[in-house]
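Have a look at the structure below before the remarks.
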Amino acid sequence: MRSLVKNGYQPVNSPVDEGSKRRWSFMEKLFLGLSPREYLKQAFKNPLNWVLGAIFVVGVPLIAYRFIFGLGSVTHSSNDYPWGLFLGFGLFVMVPLSASGFLLGTTVELFGRKDFKPIERLALLNGLLGYLFAVIYLLVDLGQPWRLPYPMVVAWGTAAVLFLVGWHVAVYLTVQMMEVSEAFFEWVHWPMAKRFIKRITIGLTIAGIILSTLHQGALGALFTYAPTKVHPLWYSQEFLWIFFFTSSIFGGLCMIIAVSTVVKKTMAWRCSDEWMERLEYQTIGLAKGASMALITYFVIKLVGVAHDNEWAYLATGWGQWFMLELAGGVILPFVLLGYGIRNERIGIIRLGAFIAVAGIALNRLNTAIITFNWNLYQEIPHLFEVIIAVTLFAVYIATYRFLLYRLPIVYAWKPLPVEVHEKETERAGALGGLRQPSAAYQEVSLID
Amino acid sequence: MEKITRRKFLSVSLAGAAAGAFTMSGKALCAGNFTGYPEGMGVLVDLTRCIGCRTCEAACNREQGLPEPAVPFDDTSVFEQEFHGGQKRRTDENAFTVVNRYDQAEGEPVYRKIQCNHCNEPACLTSCFVNAYTKTKEGAVIYNSKICVGCRNCMIACPFRIPAYAYSSATNAVIRKCIFCYDTRLKFGKPPACVEICPQEALVFGHRKNLLKIARERMRVNPDRYVDYVYGEIEAGGTAWIYLSGVPFEDVDFDTTLQKEPILANAQDFLSQVPMVLAIWPALFLGIHRLSTGGEEDGDGKDDHSDTEGGRR
């Protein structure tokens with residue numbers, strides 16, 4: 001791609017071809033304005049595609065194998081560790097990293113911080129894909145994936161925390177699809193649909209924050225069912241849901257810093273100049289929010305230890321592991337972010353964000369797998385289980401990239417040039433007699 | 001975005017309140033201090049009487065139509081088996097009850113039978129998001145495998161690590177566990193197969209409240225034979241199956257650190273916040289929105305285009 005752009009190629013970023021003033025067809029948009037042959041050529045040149053391809057060659061047959069021969073064929077069939085990597089990583093790690101959608105939605109739409117507008121769509125997309133793939137991981141893990149809608153339509157287990165998680169993730173996934181669809185409607189040019197979404201943005205955003213508060217917390221509350229299995233240092237009957245919610249705040253913010261860094265480094269050709277220019281400012285802003293969440297989280301974790309009087313556990317091996325998690329996953333990124341913010345060192349902030357993302361992943365894996373059954377034995381996941389988890393993550397990366405290449409997420413979709421638009425509205429007006437051309441003209445700036 | 005009218009505000013709040021009410025009604029079904037059905041049946045297991053003959057395992061296997069095991073039931077070599085980290089055998093998809101041997105420093109080994117304890121307020125039941133589990137009035141905890149989604153949350157929740165999962169099945173991967181022989185026996189007032197066959201009368205079937213009296217009576221008559229505790233009377237809200245032992249319970253792998261309250265009590269801290277969040281958040285965040293944008297809908301006029309320079313909307 002980089003060499004193509006150097007030679008003057010401009011990827012599709014508007015409804016019409018700049019040269020011929022002709023509208024792009026859907027297929028042309030899909031191929032980014034390249035011919036299929038050119039598109040394939042650049043795809044083969046991209047080394048990431050070869051890596052992804054290699055993972056798929058091994059992993060996709062294994063996924064088929066899992067569905068033909070059952071979960072026991074790819075895991076250790078442990079009745080003591082009912083939840084392995086698919087949920088431990090796929091659900092419990094992906095969901096907090098996807099808090100970005102509701103966080104930036106709230107910042108921009110509710111708190112009116114329009115200066116974070118450029119990165120809002122990336123945050124929304126990151127949220128949507130994270131949840132979508134959490135559900136996909138879940139489908140691979142469930143014994144009867146085709147019964148996933150049962151808690152909605154067949155039988156309600158209203159007293160169960162998982163019931164709340166199921167409903168909220170389903171509803172929130174819908175909300176996020178609607179939020180991201182604004183970019184999609186621009187891309188396919190459905191201005192009416194886009195305007196409808198804009199009208200209900202506030203409602204969607206508030207729904208998002210309610211649902212997120214509850215299900216981010218609920219994932220933590222799920223472990224209150226296992227008081228004798230989760231290690232006391234990671235367990236807190238009263239606060240576990242608050243720990244999970246608070247850590248999802250810096251998880252989501254740091255994930256966006258991390259993802260935007262990857263986007264900037266690997267697909268600069270797709271980013272608009274404006275998006276690139278304003279990224280540093282926004283990164284600092286996100287880092288400020290994340291560092292506040294980090295230090296708050298650290299304090300309440302200490303409160304948790306004090307509340308249940310678990311100081312004695314800190315002297316054990318598990319205690320050292322606990323302190324390592326907090327020092328490496330919370331304090332270190334906090335220090336790095338703080339230093340980066342003070343000295344405007346974006347590189348340091350980004351490093352801190354990556355570490356915080358790893359830290360939150362470690363915390364969830366610790367709670368769900370590593371310290372689970374701490375007084376029984378430690379389970380090492382089956383090799384096939386690891387490969388399938390990696391494969392699904394590769395599908396996630398491929399999907400993420402596919403959408404970023406196309407939808408106006410990190411670049412702006414140019415409005416329809418006035419002359420093309422006028423011609424079309426006149427035609428519409430003549431056909432339906434619904435709208436006077438002069439009235440339509442006043443609205444030109446709204447249609448894009 | 002457009003102005004938030006009072007009507008819109010109210011409708012959002014009402015939706016939240018309705019959702020809250022719904023959640024609360026769900027909780028009401030299981031709140032309170034339910035300590036089991038008054039006529040609930042149970043089994044008293046006396047560890048001092050068990051000789052490890054495994055006929056209960058065989059009877060269970062036959063009664064439930066389970067596949068024949070690799071090692072026959074009269075082979076005591078299974079007691080030597082060790083799994084991850086020195087663990088003994090446990091229940092799985094093809095064995096709803098197992099007996100384990102615990103060698104003692106002096107004297108005879110102690111045998112312990114494991115199966116579902118049929119809790120008064122079962123953790124599996126309250127953690128199930130499709131309500132697949134039922135606590136029957138006879139005391140059994142049964143489940144509907146027709147609606148089990150296979151999420152395995154009940155296995156996480158069960159403090160006794162009883163529910164097992166049909167890992168070997170691709171098309172019918174569901175939870176499997178002891179059901180107190182509900183369908184074939186308990187429903188008709190008959191004792192489960194394992195109790196009926198026990199040659200040592202180590203298992204006694206009866207009303208739970210009577211079994212507690214029998215247990216106390218045995219301890220009173222033979223104080224040297226038993227440790228002074230009935231396991232299952234109060235653990236996790238109490239269980240239908242209760243135990244007497246001659247050795248400390250923790251020595252034969254009973255979890256003596258278990259809480260006395262039902263497991264559901266732990267999740268109630270969180271669940272009780274749910275209706276509050278649903279009801280308060282809409283008003284709170286709409287309020288913050290209006291405060292931070294100065295009462296104007298967008299803070300900077302109605303044209304969304306002019307608020308960011310350049311092409312980005």
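Here, A, B, ... name the chains of the structure tokens in the order displayed, residue numbers run from 1 inside each chain, and ligands are numbered from 1 in the same displayed order.
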
request  = Please return, as a PyMOL selection string, all residues of chain A lying within 7 Å of chain B when only C-alpha atoms are considered.
outcome  = chain A and resi 67-72+77+79-80+82+110-112+118+142-145+147-148+150-151+155-163+198-202+206+210+214+221+224-226+228+237-238+241+377+412+414

Just want the 10 Å neighbourhood of A:Thr367, counted on only C-alpha atoms, with same-chain residues fewer than 6 positions away dropped. Output as a tab-separated table (two decimals) with C-alpha atoms, in the first residue's frame.
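Result went into out_5.tsv, see below:
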```tsv
chain	number	residue	atom	x	y	z
A	88	GLY	CA	-10.69	-16.75	30.31
A	92	PHE	CA	-12.87	-11.87	30.31
A	220	GLY	CA	-16.44	-9.65	38.16
A	223	PHE	CA	-16.63	-14.98	40.37
A	229	LYS	CA	-11.94	-21.40	44.20
A	230	VAL	CA	-10.70	-17.89	43.34
A	231	HIS	CA	-7.69	-16.96	45.46
A	233	LEU	CA	-6.44	-11.85	47.03
A	234	TRP	CA	-8.32	-11.79	43.74
A	235	TYR	CA	-11.69	-12.34	45.39
A	373	ASN	CA	-8.47	-23.55	42.07
```

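Remark: for A:Val330, the closest of the candidate residues A:Gly166, A:Pro149, A:Pro96, A:Gly251 is A:Gly251 (distances computed over only C-alpha atoms).
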
ask   = What gap, in Å, lies between atom CA of A:Phe334 and atom CA of A:Ile209?
value =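 Interatomic distance, atom CA of A:Phe334 to atom CA of A:Ile209: 24.5 Å.
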
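Going from atom CA of A:Glu18 to atom CA of A:Trp413 covers 13.0 Å.
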
query = Neighbours of A:Pro232 within 9 Å (only C-alpha atoms; same-chain residues fewer than 4 positions away dropped), as a list of chain:residue names?
reply = A:Pro227, A:Thr228, A:Ser236, A:Val305, A:Asp308, A:Glu310, A:Tyr313

Just C-alpha atoms for this one: save the residues we selected as a tab-separated table (two decimals), in the first residue's frame.
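The resulting file, result-v7.tsv, is shown below:
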```tsv
chain	number	residue	atom	x	y	z
A	227	PRO	CA	-15.55	-18.05	46.93
A	228	THR	CA	-13.49	-21.14	47.66
A	236	SER	CA	-13.87	-9.75	47.04
A	305	VAL	CA	-7.07	-6.41	50.74
A	308	ASP	CA	-11.05	-8.76	53.99
A	310	GLU	CA	-5.78	-10.52	53.58
A	313	TYR	CA	-1.51	-13.75	52.01
```

Spatial neighbours of A:Tyr9, max dist 12 Å, only C-alpha atoms, sep filter under 2 positions, as a ChimeraX atom specification = /A:1-7,11-13,18,32-34,38,269-270

request  = Choose the residue, out of B:Gly52, B:Gly238, B:Pro69, B:Gly139, that has the smallest atom-to-atom separation from B:Asn100; count only C-alpha atoms.
outcome  =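 The answer is B:Gly52, which sits nearest to B:Asn100.
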
inquiry  = For a test of reading the model, state the distance in Å between atom CA of B:Cys53 and atom CA of B:Ile234, rounded to one decimal.
reply    =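 The value is 29.1 Å.
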
inquiry  = Taking only C-alpha atoms into account, name the residue in B:Ser77, B:Thr239, B:Asn222, B:Thr97 that is nearest to B:Arg176.
reply    =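 Under the stated criterion, the closest residue is B:Thr97.
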
message = Which of stretch 17-197 of chain B end up as helix (DSSP H, G or I) when DSSP is run on this backbone - answer as a VMD selection string?
response = chain B and resid 17 to 28 55 to 63 76 to 80 84 to 86 123 to 127 153 to 157 186 to 188 193 to 197

ask   = Closest to A:Ser212 among A:Val165, A:Ala64, A:Leu240, A:Leu324, using only C-alpha atoms?
value = A:Val165

inquiry  = Quick one: residues within 9 Å of stretch 363-365 of chain A, only C-alpha atoms, excluding same-chain residues fewer than 6 positions away - as number ranges by chain?
reply    = A: 85, 88-89, 92-93, 234, 244, 322, 325-326, 329, 371

10 Å contact set for A:Ser25, only C-alpha atoms, chain neighbours under 4 positions out, as an NGL selection string = :A and (15-17 or 29-30 or 33 or 188)

Write the selection just made, keeping N, CA and C atoms, as a PDB file, in the first residue's frame?
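Result saved to out.pdb:
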```
ATOM      1  N   PRO A  15     -17.664   9.719  -2.015  1.00  0.00           N
ATOM      2  CA  PRO A  15     -18.645   8.953  -2.785  1.00  0.00           C
ATOM      3  C   PRO A  15     -18.359   8.943  -4.288  1.00  0.00           C
ATOM      4  N   VAL A  16     -17.593   9.923  -4.785  1.00  0.00           N
ATOM      5  CA  VAL A  16     -17.373   9.983  -6.234  1.00  0.00           C
ATOM      6  C   VAL A  16     -15.888   9.919  -6.556  1.00  0.00           C
ATOM      7  N   ASP A  17     -15.624   9.378  -7.721  1.00  0.00           N
ATOM      8  CA  ASP A  17     -14.260   9.350  -8.234  1.00  0.00           C
ATOM      9  C   ASP A  17     -13.856  10.778  -8.583  1.00  0.00           C
ATOM     10  N   LYS A  29     -15.641   0.326  -4.106  1.00  0.00           N
ATOM     11  CA  LYS A  29     -15.357   0.747  -2.735  1.00  0.00           C
ATOM     12  C   LYS A  29     -14.709  -0.398  -1.962  1.00  0.00           C
ATOM     13  N   LEU A  30     -15.225  -1.610  -2.183  1.00  0.00           N
ATOM     14  CA  LEU A  30     -14.669  -2.766  -1.476  1.00  0.00           C
ATOM     15  C   LEU A  30     -13.190  -2.955  -1.800  1.00  0.00           C
ATOM     16  N   GLY A  33     -10.942   1.203  -4.629  1.00  0.00           N
ATOM     17  CA  GLY A  33     -10.662   1.927  -5.864  1.00  0.00           C
ATOM     18  C   GLY A  33      -9.605   1.265  -6.722  1.00  0.00           C
ATOM     19  N   VAL A 188     -21.755   3.759   2.470  1.00  0.00           N
ATOM     20  CA  VAL A 188     -22.669   3.284   1.432  1.00  0.00           C
ATOM     21  C   VAL A 188     -23.568   4.402   0.920  1.00  0.00           C
TER      22      VAL A 188
END
```
